[in-house]
>>> print(open('run-v2.txt').read())   # compact mmCIF, C-alpha atoms and all ligand atoms
# COMPACT_ATOMS: atom_id res chain seq x y z
CA MET A 1 -34.54 42.01 -59.80
CA SER A 2 -34.54 43.33 -63.36
CA ASP A 3 -31.81 42.18 -65.75
CA THR A 4 -31.17 45.72 -66.95
CA VAL A 5 -30.48 47.34 -63.60
CA ASN A 6 -27.61 46.64 -61.25
CA ARG A 7 -28.66 47.28 -57.66
CA GLN A 8 -25.66 48.11 -55.50
CA ILE A 9 -25.22 48.70 -51.79
CA LEU A 10 -22.81 51.56 -51.23
CA LEU A 11 -20.95 52.31 -48.04
CA VAL A 12 -21.76 56.02 -47.89
CA GLU A 13 -19.81 56.83 -44.78
CA LYS A 14 -17.21 54.97 -42.74
CA PRO A 15 -18.53 54.45 -39.21
CA THR A 16 -16.57 55.91 -36.32
CA GLY A 17 -18.70 54.14 -33.71
CA LYS A 18 -21.11 51.26 -34.17
CA LEU A 19 -22.13 50.23 -37.68
CA GLY A 20 -25.72 51.18 -38.53
CA PRO A 21 -28.10 51.20 -41.51
CA GLU A 22 -27.34 54.92 -42.01
CA HIS A 23 -23.86 54.01 -43.27
CA PHE A 24 -25.28 52.29 -46.36
CA LYS A 25 -27.40 53.27 -49.34
CA LEU A 26 -29.12 51.18 -52.02
CA SER A 27 -28.27 52.63 -55.40
CA LYS A 28 -28.90 51.64 -59.04
CA ALA A 29 -26.47 51.52 -61.92
CA GLY A 30 -26.31 49.94 -65.37
CA ILE A 31 -25.07 46.39 -65.79
CA PRO A 32 -21.28 46.65 -66.10
CA GLU A 33 -19.65 45.94 -69.47
CA PRO A 34 -16.77 43.50 -68.99
CA ASN A 35 -13.44 44.69 -70.43
CA ASP A 36 -10.92 42.38 -72.07
CA GLY A 37 -9.99 39.63 -69.66
CA GLU A 38 -13.01 40.24 -67.41
CA VAL A 39 -16.04 38.09 -66.71
CA LEU A 40 -19.55 39.39 -66.06
CA LEU A 41 -20.94 37.69 -62.95
CA LYS A 42 -24.49 37.49 -61.72
CA VAL A 43 -24.32 37.41 -57.93
CA ARG A 44 -26.37 34.67 -56.28
CA TYR A 45 -25.05 34.59 -52.72
CA ILE A 46 -23.01 37.10 -50.72
CA SER A 47 -20.86 35.87 -47.86
CA LEU A 48 -21.15 37.97 -44.71
CA ASP A 49 -18.07 38.01 -42.53
CA ALA A 50 -17.10 39.73 -39.33
CA ALA A 51 -14.04 40.97 -41.22
CA ASN A 52 -16.30 43.13 -43.45
CA ARG A 53 -16.51 45.49 -40.48
CA ALA A 54 -12.76 45.34 -39.76
CA TRP A 55 -12.00 46.43 -43.35
CA MET A 56 -13.71 49.76 -42.61
CA HIS A 57 -11.00 50.63 -40.06
CA GLY A 58 -8.19 50.69 -42.63
CA ALA A 59 -5.94 48.47 -44.72
CA THR A 60 -5.46 44.96 -43.35
CA TYR A 61 -4.52 41.94 -45.47
CA ARG A 62 -6.53 43.80 -48.14
CA ALA A 63 -7.13 47.46 -48.94
CA ALA A 64 -9.59 49.34 -46.71
CA VAL A 65 -13.16 49.78 -47.99
CA GLU A 66 -13.76 53.44 -48.77
CA ALA A 67 -16.86 55.62 -48.51
CA ASN A 68 -19.01 55.98 -51.62
CA THR A 69 -17.93 52.69 -53.14
CA VAL A 70 -19.82 49.42 -53.50
CA MET A 71 -19.42 47.59 -50.23
CA ALA A 72 -16.81 44.82 -50.51
CA GLY A 73 -17.21 41.19 -49.48
CA GLY A 74 -17.86 39.45 -52.79
CA GLY A 75 -19.36 42.81 -53.98
CA TRP A 76 -22.76 43.86 -52.60
CA GLN A 77 -24.55 44.11 -55.97
CA ASP A 78 -26.55 42.11 -58.53
CA PHE A 79 -23.80 42.00 -61.19
CA ALA A 80 -20.03 42.48 -61.18
CA ALA A 81 -17.35 42.56 -63.89
CA VAL A 82 -14.32 40.83 -62.44
CA PRO A 83 -10.87 39.97 -63.89
CA ALA A 84 -10.92 36.31 -64.90
CA LYS A 85 -7.55 35.77 -63.20
CA HIS A 86 -9.16 36.49 -59.82
CA LEU A 87 -11.70 33.69 -60.26
CA SER A 88 -11.36 29.97 -59.66
CA LYS A 89 -13.68 27.26 -60.83
CA MET A 90 -15.46 25.60 -57.93
CA PRO A 91 -16.61 21.98 -57.91
CA LYS A 92 -20.29 21.49 -58.66
CA LEU A 93 -21.92 20.41 -55.43
CA GLU A 94 -25.23 20.60 -53.68
CA PRO A 95 -26.25 22.55 -51.82
CA MET A 96 -24.24 25.31 -53.47
CA THR A 97 -24.24 27.32 -50.22
CA HIS A 98 -21.72 24.85 -48.76
CA LEU A 99 -19.14 26.52 -51.02
CA LEU A 100 -19.47 29.61 -48.83
CA SER A 101 -19.66 27.78 -45.52
CA VAL A 102 -17.93 24.51 -44.77
CA TYR A 103 -16.01 24.33 -48.09
CA GLY A 104 -15.38 28.07 -48.22
CA ILE A 105 -13.37 30.51 -46.12
CA ALA A 106 -15.08 29.52 -42.86
CA GLY A 107 -14.36 25.79 -43.13
CA LEU A 108 -10.81 26.29 -44.36
CA THR A 109 -10.05 28.86 -41.66
CA ALA A 110 -11.30 26.47 -39.00
CA TYR A 111 -9.36 23.55 -40.50
CA PHE A 112 -5.96 25.22 -40.95
CA GLY A 113 -6.16 27.46 -37.89
CA LEU A 114 -6.94 24.55 -35.62
CA LEU A 115 -4.81 21.80 -37.14
CA ASP A 116 -1.76 23.74 -38.41
CA ILE A 117 -1.56 26.46 -35.75
CA GLY A 118 -3.32 24.92 -32.75
CA LYS A 119 -1.96 21.40 -33.34
CA PRO A 120 -4.39 19.67 -30.95
CA ARG A 121 -3.52 16.22 -29.64
CA ASP A 122 -5.84 13.45 -28.52
CA GLY A 123 -7.19 14.14 -25.00
CA GLU A 124 -6.14 17.81 -24.91
CA THR A 125 -8.53 20.64 -24.05
CA VAL A 126 -9.48 22.99 -26.88
CA VAL A 127 -11.38 26.22 -26.24
CA VAL A 128 -12.89 28.28 -29.07
CA SER A 129 -14.60 31.69 -28.90
CA ALA A 130 -17.43 32.96 -31.16
CA ALA A 131 -18.11 29.24 -31.01
CA ALA A 132 -21.61 29.32 -32.49
CA GLY A 133 -20.45 31.38 -35.48
CA SER A 134 -19.35 30.10 -38.85
CA VAL A 135 -15.68 29.48 -38.07
CA GLY A 136 -16.10 28.59 -34.40
CA SER A 137 -18.81 25.97 -34.89
CA ILE A 138 -16.54 24.08 -37.31
CA VAL A 139 -13.42 24.46 -35.12
CA GLY A 140 -15.14 22.80 -32.18
CA GLN A 141 -16.43 19.90 -34.24
CA ILE A 142 -13.02 19.22 -35.83
CA ALA A 143 -11.46 19.29 -32.36
CA LYS A 144 -14.01 16.65 -31.25
CA ILE A 145 -13.11 14.53 -34.30
CA ARG A 146 -9.47 14.80 -33.11
CA GLY A 147 -10.43 13.39 -29.70
CA CYS A 148 -10.20 16.59 -27.66
CA HIS A 149 -12.22 17.92 -24.73
CA VAL A 150 -13.96 20.88 -26.39
CA VAL A 151 -15.31 24.03 -24.78
CA GLY A 152 -17.12 26.73 -26.75
CA ILE A 153 -17.59 30.33 -25.61
CA ALA A 154 -20.70 32.00 -27.04
CA GLY A 155 -23.32 34.62 -26.24
CA GLY A 156 -26.56 33.35 -24.66
CA LYS A 157 -27.96 30.15 -23.21
CA ASP A 158 -29.64 29.02 -26.45
CA LYS A 159 -26.39 29.10 -28.37
CA CYS A 160 -24.56 27.32 -25.54
CA ASP A 161 -27.21 24.58 -25.34
CA TRP A 162 -27.05 24.15 -29.12
CA LEU A 163 -23.26 23.73 -29.04
CA VAL A 164 -23.48 20.96 -26.46
CA ASN A 165 -26.71 19.22 -27.46
CA GLU A 166 -26.51 19.46 -31.25
CA LEU A 167 -22.85 19.87 -32.15
CA GLY A 168 -21.39 17.62 -29.46
CA PHE A 169 -19.18 20.13 -27.62
CA ASP A 170 -18.31 18.91 -24.11
CA ALA A 171 -19.21 22.23 -22.48
CA ALA A 172 -20.08 25.81 -23.33
CA VAL A 173 -19.59 29.10 -21.52
CA ASP A 174 -22.07 31.97 -21.94
CA TYR A 175 -19.83 35.05 -21.87
CA LYS A 176 -22.87 37.34 -21.63
CA ASP A 177 -23.74 35.77 -18.29
CA GLY A 178 -20.67 37.35 -16.61
CA ALA A 179 -17.98 35.53 -14.60
CA VAL A 180 -16.32 34.07 -17.71
CA PHE A 181 -13.14 33.19 -15.82
CA LYS A 182 -14.94 31.05 -13.26
CA ALA A 183 -17.22 29.36 -15.79
CA LEU A 184 -14.23 28.57 -17.97
CA ARG A 185 -12.38 27.03 -15.04
CA ALA A 186 -15.36 24.71 -14.44
CA ALA A 187 -15.73 23.83 -18.13
CA ALA A 188 -12.00 23.20 -18.65
CA PRO A 189 -10.87 21.80 -15.28
CA ASN A 190 -7.55 20.51 -16.68
CA GLY A 191 -6.60 23.90 -18.13
CA ILE A 192 -6.45 24.89 -21.81
CA ASP A 193 -4.01 23.37 -24.28
CA VAL A 194 -5.30 25.08 -27.42
CA TYR A 195 -7.25 28.33 -27.55
CA PHE A 196 -8.70 29.29 -30.95
CA ASP A 197 -9.24 33.03 -30.58
CA ASN A 198 -11.90 34.70 -32.74
CA VAL A 199 -12.57 37.62 -30.42
CA GLY A 200 -9.52 39.03 -28.57
CA GLY A 201 -10.16 41.40 -25.61
CA ASP A 202 -11.35 40.17 -22.22
CA ILE A 203 -12.06 36.62 -23.40
CA LEU A 204 -8.49 36.27 -24.67
CA GLU A 205 -7.30 37.53 -21.28
CA ALA A 206 -9.39 34.95 -19.41
CA CYS A 207 -8.10 32.13 -21.64
CA LEU A 208 -4.47 33.26 -21.40
CA ALA A 209 -4.61 32.95 -17.63
CA GLN A 210 -5.85 29.35 -17.88
CA MET A 211 -3.47 28.08 -20.57
CA ASN A 212 -1.37 25.05 -19.72
CA ASN A 213 2.40 25.09 -20.18
CA ARG A 214 3.36 24.80 -23.86
CA GLY A 215 -0.18 25.62 -24.95
CA ARG A 216 -0.95 27.10 -28.36
CA ILE A 217 -3.13 30.13 -29.13
CA ALA A 218 -4.33 30.42 -32.73
CA CYS A 219 -5.13 34.11 -33.32
CA CYS A 220 -7.83 34.04 -35.97
CA GLY A 221 -9.59 37.37 -35.41
CA ALA A 222 -10.62 39.97 -32.86
CA ILE A 223 -14.32 40.55 -33.33
CA SER A 224 -14.70 42.20 -29.90
CA GLN A 225 -12.61 45.07 -31.32
CA TYR A 226 -14.23 45.52 -34.75
CA ASP A 227 -17.50 47.36 -34.23
CA GLY A 228 -16.76 50.69 -32.57
CA VAL A 229 -13.61 52.09 -31.08
CA PRO A 230 -11.13 49.34 -30.18
CA SER A 231 -10.23 49.22 -26.47
CA ALA A 232 -7.15 51.21 -25.55
CA THR A 233 -5.59 48.50 -23.42
CA GLY A 234 -4.62 45.00 -24.52
CA PRO A 235 -5.24 41.81 -22.56
CA ARG A 236 -3.14 41.53 -19.42
CA GLY A 237 -0.69 38.64 -19.41
CA VAL A 238 1.09 39.58 -22.63
CA PRO A 239 3.97 38.86 -22.68
CA GLY A 240 4.41 37.68 -19.06
CA LEU A 241 2.20 34.59 -19.26
CA ILE A 242 3.51 33.72 -22.70
CA VAL A 243 7.03 33.58 -21.29
CA VAL A 244 6.30 31.73 -18.07
CA LYS A 245 4.01 29.15 -19.67
CA ARG A 246 6.14 28.80 -22.85
CA LEU A 247 3.09 29.51 -24.98
CA VAL A 248 3.02 29.82 -28.73
CA MET A 249 0.65 32.55 -29.89
CA GLN A 250 0.39 32.76 -33.66
CA GLY A 251 -1.77 34.71 -36.07
CA PHE A 252 -2.67 33.40 -39.50
CA ILE A 253 -4.61 34.32 -42.62
CA VAL A 254 -6.39 31.45 -44.34
CA MET A 255 -5.04 32.48 -47.77
CA ASP A 256 -1.57 31.38 -46.60
CA PHE A 257 -2.75 27.77 -46.78
CA MET A 258 -4.39 27.68 -50.21
CA GLU A 259 -1.82 25.28 -51.64
CA GLN A 260 -3.05 22.68 -49.19
CA ARG A 261 -6.72 23.32 -49.92
CA ASP A 262 -7.37 20.01 -51.72
CA GLN A 263 -6.42 17.93 -48.69
CA ALA A 264 -8.56 20.10 -46.43
CA LEU A 265 -11.58 19.83 -48.73
CA LYS A 266 -11.16 16.06 -48.89
CA ASP A 267 -11.19 15.79 -45.09
CA LEU A 268 -14.07 18.24 -44.68
CA GLN A 269 -16.15 16.43 -47.30
CA SER A 270 -15.60 13.05 -45.69
CA TRP A 271 -16.54 14.39 -42.23
CA VAL A 272 -19.71 16.00 -43.62
CA ALA A 273 -20.62 12.80 -45.51
CA SER A 274 -20.16 10.65 -42.39
CA GLY A 275 -22.25 13.01 -40.25
CA LYS A 276 -19.32 13.86 -37.95
CA LEU A 277 -19.39 17.48 -39.07
CA LYS A 278 -22.75 19.29 -39.08
CA VAL A 279 -23.11 22.32 -41.32
CA GLN A 280 -25.11 25.23 -39.98
CA GLU A 281 -26.09 27.98 -42.41
CA ASP A 282 -28.06 31.16 -41.80
CA VAL A 283 -29.39 32.45 -45.14
CA ILE A 284 -31.04 35.89 -45.32
CA GLY A 285 -33.11 36.74 -48.41
CA GLY A 286 -32.69 39.87 -50.56
CA LEU A 287 -29.76 42.11 -51.50
CA GLU A 288 -31.51 45.05 -49.81
CA ASN A 289 -31.22 43.23 -46.46
CA THR A 290 -27.42 42.86 -46.63
CA PRO A 291 -26.55 45.84 -44.36
CA LYS A 292 -29.04 44.66 -41.72
CA ALA A 293 -27.63 41.15 -41.97
CA LEU A 294 -24.06 42.35 -41.32
CA ILE A 295 -25.14 44.57 -38.42
CA GLY A 296 -26.99 41.56 -36.98
CA LEU A 297 -23.97 39.29 -37.38
CA LEU A 298 -21.85 41.72 -35.36
CA ALA A 299 -24.56 41.69 -32.68
CA GLY A 300 -24.56 37.88 -32.54
CA GLU A 301 -27.84 37.14 -34.38
CA ASN A 302 -26.34 34.36 -36.47
CA ARG A 303 -25.79 30.69 -35.85
CA GLY A 304 -23.24 29.22 -38.24
CA LYS A 305 -22.45 30.79 -41.60
CA ARG A 306 -24.49 33.89 -42.43
CA MET A 307 -24.96 34.75 -46.11
CA VAL A 308 -27.43 36.65 -48.27
CA LYS A 309 -29.32 35.05 -51.15
CA VAL A 310 -29.54 37.79 -53.75
N1 LIG A 401 -7.64 34.71 -40.03
C1 LIG A 401 -8.42 34.43 -41.07
O1 LIG A 401 -7.96 34.08 -42.16
C2 LIG A 401 -9.91 34.55 -40.88
C3 LIG A 401 -10.80 34.10 -41.88
C4 LIG A 401 -12.20 34.19 -41.62
C5 LIG A 401 -12.65 34.72 -40.41
N2 LIG A 401 -11.75 35.16 -39.50
C6 LIG A 401 -12.17 35.66 -38.18
O2 LIG A 401 -12.97 34.67 -37.59
C7 LIG A 401 -13.85 35.27 -36.63
C8 LIG A 401 -15.27 34.79 -36.89
O3 LIG A 401 -15.75 35.44 -38.06
P1 LIG A 401 -17.03 35.01 -38.87
O4 LIG A 401 -17.09 35.86 -40.06
O5 LIG A 401 -16.97 33.53 -38.99
O6 LIG A 401 -18.23 35.45 -37.93
P2 LIG A 401 -19.19 34.54 -37.08
O7 LIG A 401 -18.36 33.80 -36.10
O8 LIG A 401 -20.13 33.78 -37.94
O9 LIG A 401 -20.08 35.64 -36.32
C9 LIG A 401 -19.55 36.48 -35.42
C10 LIG A 401 -19.96 36.09 -34.00
O10 LIG A 401 -19.07 36.73 -33.11
C11 LIG A 401 -19.73 36.88 -31.87
N3 LIG A 401 -19.37 38.20 -31.28
C12 LIG A 401 -19.73 39.42 -31.72
N4 LIG A 401 -19.22 40.37 -30.90
C13 LIG A 401 -18.55 39.71 -29.93
C14 LIG A 401 -17.82 40.15 -28.78
N5 LIG A 401 -17.68 41.45 -28.48
N6 LIG A 401 -17.26 39.20 -27.99
C15 LIG A 401 -17.40 37.89 -28.28
N7 LIG A 401 -18.08 37.41 -29.35
C16 LIG A 401 -18.64 38.33 -30.16
C17 LIG A 401 -21.24 36.82 -32.14
O11 LIG A 401 -21.75 35.67 -31.50
P3 LIG A 401 -22.16 35.68 -29.93
O12 LIG A 401 -23.64 35.59 -29.89
O13 LIG A 401 -21.50 34.45 -29.43
O14 LIG A 401 -21.65 36.95 -29.35
C18 LIG A 401 -21.33 36.61 -33.65
O15 LIG A 401 -22.34 35.72 -34.03
C19 LIG A 401 -13.66 36.79 -36.80
O16 LIG A 401 -12.78 37.28 -35.83
C20 LIG A 401 -13.04 36.91 -38.18
O17 LIG A 401 -12.32 38.09 -38.37
C21 LIG A 401 -10.41 35.08 -39.72
>>> encode(input="run-v2.txt", output="structure tokens")
Amino acid sequence: MSDTVNRQILLVEKPTGKLGPEHFKLSKAGIPEPNDGEVLLKVRYISLDAANRAWMHGATYRAAVEANTVMAGGGWQDFAAVPAKHLSKMPKLEPMTHLLSVYGIAGLTAYFGLLDIGKPRDGETVVVSAAAGSVGSIVGQIAKIRGCHVVGIAGGKDKCDWLVNELGFDAAVDYKDGAVFKALRAAAPNGIDVYFDNVGGDILEACLAQMNNRGRIACCGAISQYDGVPSATGPRGVPGLIVVKRLVMQGFIVMDFMEQRDQALKDLQSWVASGKLKVQEDVIGGLENTPKALIGLLAGENRGKRMVKV
């Protein structure tokens, strides 16, 4: 990278089907001049998130990303001029990448979504989907720390073995192997008390049917609906099963909990230090590889938190 050129990845066209490399273009611009009140940043790591794809569908909790603009998600470029008021000083810690994984959005989403929305109690059964991803892998480990029976749902035998053998989950279900409902019944024989939903769709439907009375569903995301045209029909069981089983199903956005961030970081740091919480990061090298890295994340290539080292 030269310090006179700002390489940028542009989203040249919003995808209508699956996201592909043809939707992006590497372009070059001058280094931006910060205006009054702005800070010039040199980008070192870019967080890749499933939500990057969801932003292409339209406005969500943030504005939609538009064609012919620098792709959002921390800004896919070497340099950025950013209003100082949008920045916050992070603690100095090593490795720095943990600020994007366990002490960043992924760790905080797992922490607040599980503990504040899911409210797991000792001995209860917690199920989490996209369990080998950045949020899911932390959810399952926190649920173990809280004394729960933990089941992860993930794609492929390798990921499932890793969840059980390395991260200490009690069981894992490979949703790509078919028969999710039956496998889930075997992995969670006492039913589900808390379901942390990262995916929506058919997996949400299978979990809904196996929820115990007064169970809680934390709606964190719907990755099965992001890449391509979302399915026309919702999961069966809404609202019938919610009524009959007296379920609480609640969505949340991690930003809602930022006032409680210090307590969360304290807990996460102590669990990491004691070895109870393992941090899995998946670092891809080179700004030019960012589109490929996001496409791969949507296809399930990653284990833990995927990011790009610029
Ligand atoms: N509410 C909030 O504030 C908040 C904040 C951050 C993230 N999120 C949500 O959290 C979820 C996880 O996001 P992340 O960025 O941490 O990604 P991630 O979990 O690191 O990676 C995504 C994983 O999803 C799985 N996946 C992809 N397509 C799937 C499908 N059709 N069905 C089931 N699983 C599928 C893939 O693993 P497999 O190999 O297992 O398929 C992939 O590795 C997303 O829904 C995201 O929107 C919400």
>>> residues_around(input="run-v2.txt", residues="Leu115 of chain A", least_positions_apart="3", cutoff="10 Å", atoms="only C-alpha atoms", output="number ranges by chain")
A: 109-112, 118-121, 139, 142-143, 146, 218
>>> residues_near_ligand(input="run-v2.txt", ligand="ligand LIG 401 (chain A)", cutoff="8 Å", atoms="all atoms listed in the file", output="ChimeraX atom specification")
/A:48-51,54,105-106,109,113,129-137,153-156,159,174-176,197-201,203,219-225,227,251-255,297-306
>>> atom_distance(input="run-v2.txt", atom1="atom CA of Ile31 of chain A", atom2="atom CA of Pro291 of chain A")
21.5 Å
>>> closest_residue(input="run-v2.txt", among="A:Leu41, A:Ala186, A:Leu100, A:Ala59", to="Gln280 of chain A", atoms="all atoms listed in the file")
A:Leu100
>>> residues_near_point(input="run-v2.txt", point="(-19.7, 26.3, -15.3)", cutoff="12 Å", atoms="all atoms listed in the file", output="list of chain:residue names")
A:Val151, A:Gly152, A:Ile153, A:Cys160, A:Asp170, A:Ala171, A:Ala172, A:Val173, A:Asp174, A:Tyr175, A:Asp177, A:Gly178, A:Ala179, A:Val180, A:Phe181, A:Lys182, A:Ala183, A:Leu184, A:Arg185, A:Ala186, A:Ala187, A:Ala188, A:Pro189
>>> atom_distance(input="run-v2.txt", atom1="atom CA of Gly123 of chain A", atom2="atom CA of Cys148 of chain A")
4.7 Å
>>> residues_near_point(input="run-v2.txt", point="(-7.2, 45.8, -24.9)", cutoff="9 Å", atoms="all atoms listed in the file", output="PyMOL selection string")
chain A and resi 200-202+225+230-236
>>> build_atoms(input="run-v2.txt", residues="segment 118-136 of chain A", atoms="N, CA, C and O atoms", output="PDB file, in the coordinates of the input")
ATOM      1  N   GLY A 118      -2.996  25.423 -34.097  1.00  0.00           N
ATOM      2  CA  GLY A 118      -3.320  24.920 -32.750  1.00  0.00           C
ATOM      3  C   GLY A 118      -2.700  23.561 -32.447  1.00  0.00           C
ATOM      4  O   GLY A 118      -2.381  23.252 -31.306  1.00  0.00           O
ATOM      5  N   LYS A 119      -2.560  22.738 -33.475  1.00  0.00           N
ATOM      6  CA  LYS A 119      -1.960  21.400 -33.340  1.00  0.00           C
ATOM      7  C   LYS A 119      -2.506  20.613 -32.149  1.00  0.00           C
ATOM      8  O   LYS A 119      -1.745  20.206 -31.251  1.00  0.00           O
ATOM      9  N   PRO A 120      -3.813  20.377 -32.112  1.00  0.00           N
ATOM     10  CA  PRO A 120      -4.390  19.670 -30.950  1.00  0.00           C
ATOM     11  C   PRO A 120      -4.026  18.182 -30.956  1.00  0.00           C
ATOM     12  O   PRO A 120      -3.960  17.566 -32.020  1.00  0.00           O
ATOM     13  N   ARG A 121      -3.795  17.653 -29.767  1.00  0.00           N
ATOM     14  CA  ARG A 121      -3.520  16.220 -29.640  1.00  0.00           C
ATOM     15  C   ARG A 121      -4.665  15.543 -28.890  1.00  0.00           C
ATOM     16  O   ARG A 121      -5.369  16.177 -28.115  1.00  0.00           O
ATOM     17  N   ASP A 122      -4.805  14.259 -29.149  1.00  0.00           N
ATOM     18  CA  ASP A 122      -5.840  13.450 -28.520  1.00  0.00           C
ATOM     19  C   ASP A 122      -5.876  13.709 -27.000  1.00  0.00           C
ATOM     20  O   ASP A 122      -4.823  13.664 -26.345  1.00  0.00           O
ATOM     21  N   GLY A 123      -7.042  13.976 -26.454  1.00  0.00           N
ATOM     22  CA  GLY A 123      -7.190  14.140 -25.000  1.00  0.00           C
ATOM     23  C   GLY A 123      -6.919  15.546 -24.505  1.00  0.00           C
ATOM     24  O   GLY A 123      -7.159  15.840 -23.333  1.00  0.00           O
ATOM     25  N   GLU A 124      -6.407  16.437 -25.363  1.00  0.00           N
ATOM     26  CA  GLU A 124      -6.140  17.810 -24.910  1.00  0.00           C
ATOM     27  C   GLU A 124      -7.446  18.608 -24.843  1.00  0.00           C
ATOM     28  O   GLU A 124      -8.461  18.226 -25.432  1.00  0.00           O
ATOM     29  N   THR A 125      -7.370  19.750 -24.137  1.00  0.00           N
ATOM     30  CA  THR A 125      -8.530  20.640 -24.050  1.00  0.00           C
ATOM     31  C   THR A 125      -8.385  21.777 -25.049  1.00  0.00           C
ATOM     32  O   THR A 125      -7.370  22.478 -25.061  1.00  0.00           O
ATOM     33  N   VAL A 126      -9.432  21.914 -25.884  1.00  0.00           N
ATOM     34  CA  VAL A 126      -9.480  22.990 -26.880  1.00  0.00           C
ATOM     35  C   VAL A 126     -10.621  23.926 -26.524  1.00  0.00           C
ATOM     36  O   VAL A 126     -11.745  23.475 -26.295  1.00  0.00           O
ATOM     37  N   VAL A 127     -10.330  25.219 -26.473  1.00  0.00           N
ATOM     38  CA  VAL A 127     -11.380  26.220 -26.240  1.00  0.00           C
ATOM     39  C   VAL A 127     -11.477  27.103 -27.486  1.00  0.00           C
ATOM     40  O   VAL A 127     -10.451  27.479 -28.061  1.00  0.00           O
ATOM     41  N   VAL A 128     -12.699  27.399 -27.916  1.00  0.00           N
ATOM     42  CA  VAL A 128     -12.890  28.280 -29.070  1.00  0.00           C
ATOM     43  C   VAL A 128     -13.931  29.343 -28.719  1.00  0.00           C
ATOM     44  O   VAL A 128     -14.937  29.045 -28.075  1.00  0.00           O
ATOM     45  N   SER A 129     -13.644  30.592 -29.125  1.00  0.00           N
ATOM     46  CA  SER A 129     -14.600  31.690 -28.900  1.00  0.00           C
ATOM     47  C   SER A 129     -15.384  31.978 -30.180  1.00  0.00           C
ATOM     48  O   SER A 129     -15.023  31.482 -31.244  1.00  0.00           O
ATOM     49  N   ALA A 130     -16.441  32.800 -30.065  1.00  0.00           N
ATOM     50  CA  ALA A 130     -17.430  32.960 -31.160  1.00  0.00           C
ATOM     51  C   ALA A 130     -17.781  31.561 -31.661  1.00  0.00           C
ATOM     52  O   ALA A 130     -17.843  31.299 -32.870  1.00  0.00           O
ATOM     53  N   ALA A 131     -18.023  30.676 -30.710  1.00  0.00           N
ATOM     54  CA  ALA A 131     -18.110  29.240 -31.010  1.00  0.00           C
ATOM     55  C   ALA A 131     -19.350  28.845 -31.790  1.00  0.00           C
ATOM     56  O   ALA A 131     -19.371  27.804 -32.439  1.00  0.00           O
ATOM     57  N   ALA A 132     -20.396  29.663 -31.729  1.00  0.00           N
ATOM     58  CA  ALA A 132     -21.610  29.320 -32.490  1.00  0.00           C
ATOM     59  C   ALA A 132     -21.620  29.984 -33.852  1.00  0.00           C
ATOM     60  O   ALA A 132     -22.574  29.837 -34.614  1.00  0.00           O
ATOM     61  N   GLY A 133     -20.539  30.720 -34.186  1.00  0.00           N
ATOM     62  CA  GLY A 133     -20.450  31.380 -35.480  1.00  0.00           C
ATOM     63  C   GLY A 133     -19.934  30.421 -36.552  1.00  0.00           C
ATOM     64  O   GLY A 133     -19.786  29.217 -36.324  1.00  0.00           O
ATOM     65  N   SER A 134     -19.666  30.975 -37.714  1.00  0.00           N
ATOM     66  CA  SER A 134     -19.350  30.100 -38.850  1.00  0.00           C
ATOM     67  C   SER A 134     -18.011  29.393 -38.668  1.00  0.00           C
ATOM     68  O   SER A 134     -17.921  28.183 -38.872  1.00  0.00           O
ATOM     69  N   VAL A 135     -16.992  30.120 -38.266  1.00  0.00           N
ATOM     70  CA  VAL A 135     -15.680  29.480 -38.070  1.00  0.00           C
ATOM     71  C   VAL A 135     -15.699  28.637 -36.792  1.00  0.00           C
ATOM     72  O   VAL A 135     -15.327  27.455 -36.797  1.00  0.00           O
ATOM     73  N   GLY A 136     -16.163  29.244 -35.711  1.00  0.00           N
ATOM     74  CA  GLY A 136     -16.100  28.590 -34.400  1.00  0.00           C
ATOM     75  C   GLY A 136     -16.851  27.268 -34.342  1.00  0.00           C
ATOM     76  O   GLY A 136     -16.375  26.300 -33.737  1.00  0.00           O
TER      77      GLY A 136
END
